[in-house]
file structure_5.tsv (TSV, C-alpha atoms and all ligand atoms)
chain	number	residue	atom	x	y	z
A	1	VAL	CA	-39.17	-139.08	42.57
A	2	LYS	CA	-37.17	-136.14	43.90
A	3	ALA	CA	-36.65	-133.02	41.80
A	4	VAL	CA	-35.76	-129.35	42.09
A	5	VAL	CA	-38.71	-127.16	41.07
A	6	ILE	CA	-38.96	-123.41	40.45
A	7	HIS	CA	-42.50	-122.24	41.34
A	8	ARG	CA	-41.65	-118.53	41.32
A	9	TYR	CA	-38.63	-116.45	40.32
A	10	GLY	CA	-36.37	-115.12	43.05
A	11	PRO	CA	-33.26	-115.83	45.12
A	12	PRO	CA	-31.65	-119.32	45.30
A	13	GLU	CA	-34.13	-120.28	48.08
A	14	VAL	CA	-36.96	-120.49	45.53
A	15	LEU	CA	-35.39	-123.74	44.31
A	16	SER	CA	-37.73	-126.24	45.95
A	17	PHE	CA	-36.48	-129.80	46.55
A	18	GLU	CA	-39.63	-131.90	46.40
A	19	ASP	CA	-41.43	-135.01	45.20
A	20	VAL	CA	-42.76	-134.99	41.64
A	21	PRO	CA	-44.50	-137.71	39.61
A	22	GLU	CA	-42.18	-140.16	37.86
A	23	PRO	CA	-41.76	-138.88	34.27
A	24	GLU	CA	-43.43	-141.16	31.70
A	25	PRO	CA	-41.56	-141.46	28.40
A	26	ARG	CA	-43.86	-140.68	25.47
A	27	SER	CA	-43.51	-142.10	21.96
A	28	GLY	CA	-39.86	-141.88	20.87
A	29	GLU	CA	-38.69	-141.01	24.39
A	30	VAL	CA	-36.78	-142.82	27.13
A	31	ARG	CA	-36.63	-142.33	30.89
A	32	ILE	CA	-33.14	-141.73	32.24
A	33	ARG	CA	-31.89	-142.15	35.78
A	34	VAL	CA	-29.84	-138.96	36.12
A	35	ARG	CA	-26.27	-139.26	37.42
A	36	ALA	CA	-25.10	-135.73	36.66
A	37	ALA	CA	-26.41	-132.31	35.57
A	38	THR	CA	-24.33	-129.13	35.39
A	39	VAL	CA	-25.17	-125.76	36.95
A	40	ASN	CA	-24.98	-122.83	34.54
A	41	ARG	CA	-24.78	-119.09	34.96
A	42	VAL	CA	-27.39	-118.04	32.41
A	43	LEU	CA	-29.75	-120.96	31.86
A	44	ASP	CA	-29.97	-121.92	35.54
A	45	VAL	CA	-28.96	-119.03	37.79
A	46	ALA	CA	-30.20	-116.07	35.73
A	47	LEU	CA	-33.31	-118.00	34.72
A	48	ARG	CA	-34.18	-118.79	38.34
A	49	ALA	CA	-33.69	-115.10	39.23
A	50	GLY	CA	-36.31	-114.20	36.60
A	51	ALA	CA	-33.83	-112.55	34.24
A	52	GLN	CA	-34.52	-114.79	31.25
A	53	GLY	CA	-38.13	-113.83	30.57
A	54	HIS	CA	-37.46	-113.53	26.84
A	55	ARG	CA	-36.92	-117.29	26.59
A	56	GLY	CA	-40.61	-118.14	26.94
A	57	VAL	CA	-40.37	-120.11	30.18
A	58	SER	CA	-43.52	-121.21	32.00
A	59	LEU	CA	-43.53	-122.10	35.69
A	60	PRO	CA	-43.40	-124.41	37.52
A	61	LEU	CA	-40.21	-125.69	35.90
A	62	ILE	CA	-37.63	-128.35	36.72
A	63	PRO	CA	-34.36	-126.70	35.59
A	64	GLY	CA	-31.18	-128.46	34.44
A	65	VAL	CA	-30.07	-128.10	30.82
A	66	ASP	CA	-27.96	-131.24	30.37
A	67	CYS	CA	-27.60	-134.68	31.85
A	68	ALA	CA	-25.66	-137.91	31.87
A	69	GLY	CA	-27.15	-141.13	33.19
A	70	THR	CA	-28.53	-144.53	32.30
A	71	ILE	CA	-31.73	-145.45	30.49
A	72	GLU	CA	-34.21	-147.16	32.80
A	73	ALA	CA	-37.41	-147.29	30.69
A	74	LEU	CA	-38.31	-147.12	27.00
A	75	GLY	CA	-41.34	-145.33	25.55
A	76	PRO	CA	-43.21	-146.67	22.51
A	77	GLY	CA	-41.22	-146.87	19.28
A	78	ILE	CA	-37.73	-147.32	20.72
A	79	SER	CA	-35.59	-150.01	19.09
A	80	ARG	CA	-32.07	-148.54	19.05
A	81	TRP	CA	-31.65	-148.12	22.79
A	82	LYS	CA	-32.03	-150.50	25.69
A	83	VAL	CA	-32.40	-150.28	29.42
A	84	GLY	CA	-28.98	-149.77	31.01
A	85	ASP	CA	-27.46	-147.79	28.12
A	86	TYR	CA	-25.19	-145.00	29.37
A	87	VAL	CA	-26.17	-141.75	27.66
A	88	ALA	CA	-25.95	-137.97	27.76
A	89	ALA	CA	-28.03	-135.14	26.32
A	90	ALA	CA	-27.95	-131.35	26.32
A	91	GLY	CA	-29.48	-128.30	24.77
A	92	ARG	CA	-32.26	-127.96	22.23
A	93	VAL	CA	-34.37	-131.06	21.65
A	94	PRO	CA	-37.84	-131.86	20.24
A	95	LEU	CA	-40.73	-130.89	22.54
A	96	ASP	CA	-43.33	-133.26	21.08
A	97	PRO	CA	-43.29	-137.05	20.73
A	98	CYS	CA	-41.20	-137.88	17.66
A	99	PRO	CA	-39.55	-140.87	15.96
A	100	GLU	CA	-36.43	-142.12	17.73
A	101	ASP	CA	-34.33	-141.16	14.70
A	102	ALA	CA	-36.03	-137.77	14.10
A	103	ALA	CA	-33.75	-135.45	12.18
A	104	ASP	CA	-32.37	-132.49	14.07
A	105	GLY	CA	-34.79	-129.58	13.98
A	106	ALA	CA	-37.87	-131.59	12.98
A	107	GLY	CA	-40.99	-130.15	14.62
A	108	ARG	CA	-41.13	-127.90	17.69
A	109	THR	CA	-37.90	-127.77	19.64
A	110	GLY	CA	-36.80	-126.19	22.91
A	111	GLN	CA	-34.13	-126.36	25.60
A	112	ILE	CA	-34.04	-129.11	28.20
A	113	GLY	CA	-34.71	-127.45	31.57
A	114	VAL	CA	-36.10	-124.30	29.95
A	115	HIS	CA	-38.95	-125.38	27.67
A	116	ARG	CA	-39.41	-128.92	29.00
A	117	PRO	CA	-38.63	-130.51	32.38
A	118	GLY	CA	-34.90	-130.49	33.04
A	119	ALA	CA	-32.33	-132.72	34.69
A	120	PHE	CA	-32.25	-131.40	38.27
A	121	ALA	CA	-34.22	-134.53	39.11
A	122	GLU	CA	-33.64	-138.17	39.90
A	123	LYS	CA	-35.26	-139.07	36.59
A	124	ILE	CA	-35.96	-137.32	33.31
A	125	ALA	CA	-37.81	-138.30	30.13
A	126	LEU	CA	-36.04	-137.22	26.94
A	127	PRO	CA	-36.43	-137.82	23.21
A	128	ALA	CA	-34.17	-140.68	22.11
A	129	CYS	CA	-33.07	-138.65	19.08
A	130	ALA	CA	-31.31	-136.25	21.48
A	131	LEU	CA	-29.20	-138.95	23.15
A	132	VAL	CA	-25.52	-139.59	22.67
A	133	ARG	CA	-23.89	-142.80	23.84
A	134	VAL	CA	-21.22	-142.07	26.47
A	135	PRO	CA	-18.01	-144.13	26.47
A	136	ALA	CA	-18.07	-146.39	29.54
A	137	THR	CA	-14.74	-145.08	30.85
A	138	LEU	CA	-15.95	-141.47	31.10
A	139	ALA	CA	-17.48	-140.55	34.48
A	140	PRO	CA	-21.02	-139.09	34.30
A	141	HIS	CA	-19.98	-135.82	35.93
A	142	ALA	CA	-17.34	-135.24	33.27
A	143	ALA	CA	-19.71	-136.42	30.53
A	144	ALA	CA	-22.32	-133.81	31.46
A	145	VAL	CA	-19.73	-131.02	31.42
A	146	VAL	CA	-18.30	-132.21	28.10
A	147	MET	CA	-21.79	-132.27	26.54
A	148	ARG	CA	-22.45	-128.78	27.85
A	149	HIS	CA	-19.34	-127.03	26.53
A	150	ALA	CA	-17.09	-129.09	24.29
A	151	PRO	CA	-19.26	-129.33	21.12
A	152	THR	CA	-19.58	-125.51	21.11
A	153	ALA	CA	-15.81	-125.07	21.47
A	154	TRP	CA	-15.26	-127.70	18.78
A	155	ASN	CA	-17.72	-125.98	16.45
A	156	LEU	CA	-15.93	-122.64	16.84
A	157	LEU	CA	-12.37	-123.87	16.39
A	158	VAL	CA	-12.71	-126.82	14.03
A	159	ASN	CA	-15.81	-126.02	11.93
A	160	GLY	CA	-15.85	-122.23	12.17
A	161	ALA	CA	-12.20	-121.18	12.23
A	162	ALA	CA	-10.86	-124.27	10.42
A	163	LEU	CA	-7.84	-124.12	12.75
A	164	LYS	CA	-4.96	-126.21	11.41
A	165	ALA	CA	-1.99	-128.02	12.91
A	166	GLY	CA	0.94	-125.67	13.44
A	167	GLU	CA	-1.18	-122.49	13.35
A	168	TRP	CA	-1.31	-120.11	16.32
A	169	ALA	CA	-4.57	-119.80	18.27
A	170	LEU	CA	-5.12	-117.01	20.81
A	171	ILE	CA	-7.62	-118.28	23.39
A	172	MET	CA	-9.25	-115.49	25.41
A	173	GLY	CA	-10.89	-116.14	28.79
A	174	ALA	CA	-8.52	-119.11	29.00
A	175	GLY	CA	-9.59	-120.09	32.50
A	176	GLY	CA	-13.32	-120.20	31.66
A	177	ASN	CA	-15.46	-123.07	30.42
A	178	LEU	CA	-15.20	-122.52	26.69
A	179	GLY	CA	-11.64	-121.21	27.09
A	180	SER	CA	-10.21	-124.18	28.97
A	181	ILE	CA	-11.84	-126.67	26.60
A	182	GLY	CA	-10.84	-124.59	23.56
A	183	ILE	CA	-7.19	-124.77	24.61
A	184	GLN	CA	-7.31	-128.56	24.70
A	185	ILE	CA	-9.13	-128.93	21.38
A	186	ALA	CA	-6.65	-126.58	19.71
A	187	ARG	CA	-3.63	-128.24	21.27
A	188	ASN	CA	-4.47	-131.93	21.73
A	189	ILE	CA	-6.78	-132.53	18.79
A	190	VAL	CA	-5.86	-130.02	16.09
A	191	GLY	CA	-2.16	-129.77	16.98
A	192	ALA	CA	-2.13	-125.97	16.91
A	193	LYS	CA	0.11	-123.69	19.00
A	194	VAL	CA	-1.83	-122.02	21.76
A	195	ILE	CA	-1.60	-118.71	23.61
A	196	ALA	CA	-3.75	-118.83	26.74
A	197	ALA	CA	-4.85	-115.31	27.66
A	198	ALA	CA	-6.84	-114.42	30.76
A	199	GLY	CA	-7.38	-111.66	33.29
A	200	SER	CA	-5.67	-113.23	36.30
A	201	ASP	CA	-2.40	-115.07	36.92
A	202	ALA	CA	-4.31	-118.05	38.29
A	203	ARG	CA	-6.44	-118.34	35.14
A	204	VAL	CA	-3.36	-117.99	32.93
A	205	ALA	CA	-1.74	-120.78	34.96
A	206	THR	CA	-4.81	-122.94	34.32
A	207	GLY	CA	-4.35	-122.39	30.60
A	208	LEU	CA	-0.66	-123.28	30.74
A	209	ALA	CA	-1.41	-126.41	32.76
A	210	LEU	CA	-3.83	-127.49	30.01
A	211	GLY	CA	-1.02	-127.37	27.46
A	212	ALA	CA	-0.84	-123.82	26.11
A	213	GLN	CA	2.69	-122.91	24.96
A	214	VAL	CA	2.36	-119.26	26.02
A	215	GLY	CA	0.35	-117.61	28.80
A	216	ILE	CA	-0.55	-113.91	28.96
A	217	ASN	CA	-2.38	-111.98	31.68
A	218	TYR	CA	-4.16	-109.27	29.68
A	219	ARG	CA	-4.81	-107.11	32.72
A	220	ARG	CA	-1.04	-106.75	33.21
A	221	GLY	CA	1.18	-105.60	30.39
A	222	ASP	CA	0.37	-105.17	26.74
A	223	LEU	CA	-1.45	-108.10	25.14
A	224	TYR	CA	-0.58	-107.00	21.60
A	225	GLU	CA	3.16	-106.71	22.30
A	226	GLN	CA	3.34	-110.06	24.05
A	227	VAL	CA	1.44	-111.92	21.33
A	228	MET	CA	3.57	-110.39	18.58
A	229	GLN	CA	6.70	-111.38	20.46
A	230	ALA	CA	5.50	-114.96	20.90
A	231	THR	CA	4.63	-115.28	17.20
A	232	ASP	CA	7.81	-113.66	15.83
A	233	GLY	CA	5.83	-110.62	14.70
A	234	LYS	CA	3.43	-112.60	12.49
A	235	GLY	CA	0.42	-112.53	14.78
A	236	VAL	CA	-2.04	-115.34	15.36
A	237	ASP	CA	-4.11	-117.26	12.83
A	238	VAL	CA	-7.19	-117.71	15.00
A	239	LEU	CA	-8.65	-115.54	17.76
A	240	TYR	CA	-11.16	-117.44	19.90
A	241	ASP	CA	-12.96	-114.93	22.05
A	242	ASN	CA	-16.44	-115.58	23.62
A	243	VAL	CA	-16.02	-112.70	26.11
A	244	ALA	CA	-16.14	-109.43	24.08
A	245	ASN	CA	-14.32	-107.41	26.73
A	246	PRO	CA	-14.34	-103.85	25.29
A	247	GLU	CA	-10.94	-103.05	26.90
A	248	ILE	CA	-9.16	-106.18	25.70
A	249	LEU	CA	-10.75	-107.49	22.50
A	250	PRO	CA	-9.64	-104.49	20.38
A	251	GLN	CA	-6.00	-105.32	21.28
A	252	ALA	CA	-6.57	-109.00	20.60
A	253	LEU	CA	-8.07	-108.30	17.19
A	254	ARG	CA	-4.93	-106.43	16.19
A	255	THR	CA	-2.87	-109.56	16.87
A	256	LEU	CA	-4.64	-111.41	14.03
A	257	GLY	CA	-2.26	-111.89	11.14
A	258	ARG	CA	-2.96	-112.31	7.42
A	259	ASP	CA	-6.11	-114.35	6.71
A	260	GLY	CA	-6.81	-114.44	10.44
A	261	ARG	CA	-10.14	-115.69	11.74
A	262	LEU	CA	-12.03	-114.43	14.79
A	263	VAL	CA	-14.68	-116.82	16.09
A	264	THR	CA	-17.10	-116.16	18.93
A	265	ALA	CA	-20.19	-117.55	20.63
A	266	GLY	CA	-20.41	-115.16	23.57
A	267	ALA	CA	-20.39	-111.47	24.52
A	268	HIS	CA	-21.04	-111.31	28.29
A	269	GLY	CA	-18.14	-108.84	28.76
A	270	GLY	CA	-19.56	-106.49	26.09
A	271	PRO	CA	-21.43	-106.66	23.85
A	272	ASN	CA	-20.18	-103.53	22.06
A	273	VAL	CA	-16.53	-103.56	21.03
A	274	THR	CA	-14.57	-101.19	18.81
A	275	ILE	CA	-12.97	-102.76	15.76
A	276	ASP	CA	-10.02	-101.41	13.78
A	277	PHE	CA	-11.46	-101.74	10.27
A	278	HIS	CA	-8.15	-100.87	8.68
A	279	HIS	CA	-6.57	-103.91	10.30
A	280	LEU	CA	-9.67	-105.95	9.38
A	281	TYR	CA	-9.45	-105.43	5.62
A	282	ASP	CA	-5.67	-105.11	5.43
A	283	ARG	CA	-5.15	-108.58	6.97
A	284	ARG	CA	-8.19	-110.06	5.19
A	285	ILE	CA	-9.71	-111.04	8.52
A	286	THR	CA	-12.91	-113.05	8.82
A	287	ILE	CA	-15.22	-112.66	11.81
A	288	LYS	CA	-17.60	-115.52	12.40
A	289	GLY	CA	-20.27	-115.52	15.08
A	290	MET	CA	-21.73	-118.94	15.78
A	291	THR	CA	-24.20	-120.62	18.07
A	292	GLY	CA	-24.77	-124.26	18.85
A	293	TYR	CA	-22.88	-127.15	17.30
A	294	ARG	CA	-23.11	-130.02	14.85
A	295	PRO	CA	-24.82	-133.02	16.48
A	296	ALA	CA	-22.17	-135.45	15.20
A	297	ASP	CA	-19.46	-133.55	17.10
A	298	ARG	CA	-20.98	-134.47	20.47
A	299	LEU	CA	-19.83	-138.10	20.26
A	300	THR	CA	-16.44	-136.99	18.94
A	301	CYS	CA	-16.03	-134.76	21.99
A	302	LEU	CA	-17.13	-137.47	24.46
A	303	GLU	CA	-14.68	-139.90	22.88
A	304	ALA	CA	-11.89	-137.31	23.01
A	305	ALA	CA	-12.65	-136.81	26.71
A	306	ALA	CA	-12.63	-140.56	27.33
A	307	ALA	CA	-9.25	-140.72	25.56
A	308	GLY	CA	-7.88	-138.05	27.92
A	309	LYS	CA	-7.65	-135.32	25.27
A	310	ILE	CA	-10.29	-133.08	26.84
A	311	ALA	CA	-10.26	-132.76	30.63
A	312	VAL	CA	-12.97	-130.75	32.34
A	313	LYS	CA	-12.68	-128.54	35.40
A	314	ILE	CA	-15.16	-129.63	38.05
A	315	ASP	CA	-15.14	-127.49	41.16
A	316	ARG	CA	-17.50	-129.67	43.18
A	317	ILE	CA	-20.20	-132.26	42.95
A	318	LEU	CA	-23.26	-131.67	45.14
A	319	PRO	CA	-26.43	-133.64	45.88
A	320	LEU	CA	-29.68	-132.46	44.32
A	321	ALA	CA	-30.93	-131.23	47.70
A	322	GLN	CA	-28.14	-128.60	47.62
A	323	ALA	CA	-29.17	-126.99	44.32
A	324	ALA	CA	-29.81	-123.67	46.09
A	325	GLU	CA	-26.30	-123.80	47.58
A	326	ALA	CA	-24.91	-124.49	44.10
A	327	HIS	CA	-26.69	-121.39	42.77
A	328	ARG	CA	-25.40	-119.31	45.69
A	329	LEU	CA	-21.83	-120.45	44.98
A	330	MET	CA	-22.17	-119.52	41.31
A	331	GLU	CA	-23.39	-116.05	42.26
A	332	THR	CA	-20.77	-115.29	44.88
A	333	ASP	CA	-17.65	-117.14	43.74
A	334	PRO	CA	-17.75	-117.52	39.95
A	335	GLY	CA	-15.09	-119.00	37.75
A	336	MET	CA	-13.88	-121.83	39.97
A	337	GLY	CA	-14.82	-124.62	37.59
A	338	LYS	CA	-18.08	-126.36	37.02
A	339	ILE	CA	-20.55	-127.28	39.73
A	340	VAL	CA	-22.32	-130.56	39.01
A	341	LEU	CA	-25.42	-131.93	40.76
A	342	ASP	CA	-25.55	-135.70	41.32
A	343	PRO	CA	-29.03	-136.94	42.31
A	344	THR	CA	-27.61	-140.29	43.45
A	345	LEU	CA	-25.66	-138.64	46.29
A	401	LIG	N1	-20.52	-122.46	27.61
A	401	LIG	C1	-21.07	-122.78	26.44
A	401	LIG	O1	-21.09	-123.90	25.99
A	401	LIG	C2	-21.63	-121.67	25.65
A	401	LIG	C3	-22.38	-121.93	24.52
A	401	LIG	C4	-22.81	-120.83	23.77
A	401	LIG	C5	-22.50	-119.56	24.17
A	401	LIG	N2	-21.79	-119.36	25.32
A	401	LIG	C6	-21.42	-118.02	25.73
A	401	LIG	O2	-19.99	-117.95	25.68
A	401	LIG	C7	-19.52	-117.10	26.71
A	401	LIG	C8	-18.45	-117.81	27.51
A	401	LIG	O3	-19.02	-118.92	28.20
A	401	LIG	P1	-18.18	-119.63	29.35
A	401	LIG	O4	-19.08	-120.66	29.94
A	401	LIG	O5	-16.86	-120.04	28.82
A	401	LIG	O6	-17.98	-118.41	30.34
A	401	LIG	P2	-17.23	-118.31	31.74
A	401	LIG	O7	-16.34	-119.48	31.94
A	401	LIG	O8	-18.26	-118.02	32.77
A	401	LIG	O9	-16.39	-116.98	31.55
A	401	LIG	C9	-15.30	-116.90	30.63
A	401	LIG	C10	-14.39	-115.74	31.05
A	401	LIG	O10	-15.03	-114.49	30.84
A	401	LIG	C11	-14.40	-113.50	31.67
A	401	LIG	N3	-15.45	-112.74	32.33
A	401	LIG	C12	-16.38	-113.22	33.21
A	401	LIG	N4	-17.23	-112.26	33.56
A	401	LIG	C13	-16.85	-111.15	32.91
A	401	LIG	C14	-17.33	-109.80	32.85
A	401	LIG	N5	-18.41	-109.40	33.52
A	401	LIG	N6	-16.69	-108.91	32.05
A	401	LIG	C15	-15.61	-109.29	31.34
A	401	LIG	N7	-15.11	-110.55	31.35
A	401	LIG	C16	-15.72	-111.46	32.12
A	401	LIG	C17	-13.51	-114.28	32.64
A	401	LIG	O11	-12.20	-114.24	32.11
A	401	LIG	P3	-11.07	-113.19	32.51
A	401	LIG	O12	-11.49	-112.46	33.75
A	401	LIG	O13	-9.89	-114.06	32.73
A	401	LIG	O14	-10.98	-112.30	31.33
A	401	LIG	C18	-14.01	-115.69	32.50
A	401	LIG	O15	-13.03	-116.66	32.80
A	401	LIG	C19	-20.74	-116.66	27.51
A	401	LIG	O16	-21.13	-115.40	27.05
A	401	LIG	C20	-21.79	-117.69	27.16
A	401	LIG	O17	-23.10	-117.17	27.25
A	401	LIG	C21	-21.35	-120.38	26.04

call {"tool": "encode", "arguments": {"input": "structure_5.tsv", "output": "structure tokens"}}
result
Amino acid sequence: VKAVVIHRYGPPEVLSFEDVPEPEPRSGEVRIRVRAATVNRVLDVALRAGAQGHRGVSLPLIPGVDCAGTIEALGPGISRWKVGDYVAAAGRVPLDPCPEDAADGAGRTGQIGVHRPGAFAEKIALPACALVRVPATLAPHAAAVVMRHAPTAWNLLVNGAALKAGEWALIMGAGGNLGSIGIQIARNIVGAKVIAAAGSDARVATGLALGAQVGINYRRGDLYEQVMQATDGKGVDVLYDNVANPEILPQALRTLGRDGRLVTAGAHGGPNVTIDFHHLYDRRITIKGMTGYRPADRLTCLEAAAAGKIAVKIDRILPLAQAAEAHRLMETDPGMGKIVLDPTL
């Protein structure tokens, strides 16, 4: 079967499109015919460049940290899934053969496409316990993107910040992956009021198009003043950041009102940011850093996407043979929406 393989770290050209043996599902695993896998800045592009040495990667490696597709073969011990089931998987999964209903975190685990062969391939073997059933009406390209980002956004806003209907949420990096999905979870699922804040007019417009009531370009004008005006001087209840921009986050933090909550799962614009501790204690603010998500929220997110409540931004869908081109695009023209590889093209 065809796959993309990294034999050595380097520029996008090191992504080799080649024939590999068909993956054999071990006990508790299934083989999936891949329909979609997303391309990611850190776990694909930076990893391929050799900048993720701390993750314990060994080469050669088939990258690709998520996938959507259909089951085409069952390993020993599988009773809950059948050939033809439409599924998705992402993130950290067991590395060793395990029961099909293995509890999350049982035994050795690692990332798909980092610590075990990934989804930039026509076929992949994965533990059944990592699979989520995808609603039939959701396209595989969207399903892969939802799996990649939505459970994290959900975890931050719903589980972490406990955002409630009618509250104000300030979504930073509103045109990004977590930002654009965060807006829709806050607005369409929780029923909160949303301020979409970003560093360009185009990204603010994206946030408004996704349903935000207010849009603010934080590289033009004063973020604090504009948020206070929009919230009648009360400030916001939840600040959803994930960027940690040292110029902007200090202003955003000051817009948190009484009992405000800051949640974050990212710091690529920082990581060091100055915090006004007077504002922090005076408004009884909570700061919660989080990683990952609750497994049960993956299906909730896929169903929300199938119901039209979470739309994903896909910039383009490319065949597997163009993985290097996908990496080049991510390096030279970031922030246009997700690039998805489809091995059936
Ligand atoms: N995606 C996930 O599911 C996930 C899961 C766990 C953790 N994370 C982490 O969460 C963060 C956000 O992920 P994402 O996929 O949403 O990111 P993204 O879409 O690539 O970027 C979000 C926004 O960050 C701003 N930005 C980009 N590069 C920047 C830089 N060098 N300095 C300052 N601002 C910059 C841009 O907004 P403006 O220019 O408009 O400000 C951009 O729209 C990352 O740090 C990521 O590692 C992500």

call {"tool": "closest_residue", "arguments": {"input": "structure_5.tsv", "among": "A:Lys338, A:Arg31, A:Lys309, A:Lys234", "to": "Leu138 of chain A", "atoms": "all atoms listed in the file"}}
result
A:Lys309

call {"tool": "residues_near_ligand", "arguments": {"input": "structure_5.tsv", "ligand": "ligand LIG 401 (chain A)", "cutoff": "8 Å", "atoms": "only C-alpha atoms and all ligand atoms", "output": "MDAnalysis selection string"}}
result
chainID A and resid 40:42 148:153 172:180 197:200 203:204 217:218 242:245 264:270 291:292 334:335 337

call {"tool": "closest_residue", "arguments": {"input": "structure_5.tsv", "among": "A:Asn272, A:Thr206, A:Thr300, A:Thr70", "to": "Ala36 of chain A", "atoms": "only C-alpha atoms"}}
result
A:Thr70

call {"tool": "closest_residue", "arguments": {"input": "structure_5.tsv", "among": "A:Met228, A:Val194, A:Arg316, A:Glu24", "to": "Leu329 of chain A", "atoms": "only C-alpha atoms"}}
result
A:Arg316

call {"tool": "residues_near_point", "arguments": {"input": "structure_5.tsv", "point": "(-21.8, -133.3, 31.6)", "cutoff": "8 Å", "atoms": "all atoms listed in the file", "output": "list of chain:residue names"}}
result
A:Ala36, A:Ala37, A:Thr38, A:Asp66, A:Cys67, A:Ala68, A:Ala88, A:Pro140, A:His141, A:Ala142, A:Ala143, A:Ala144, A:Val145, A:Val146, A:Met147, A:Arg148, A:Val340
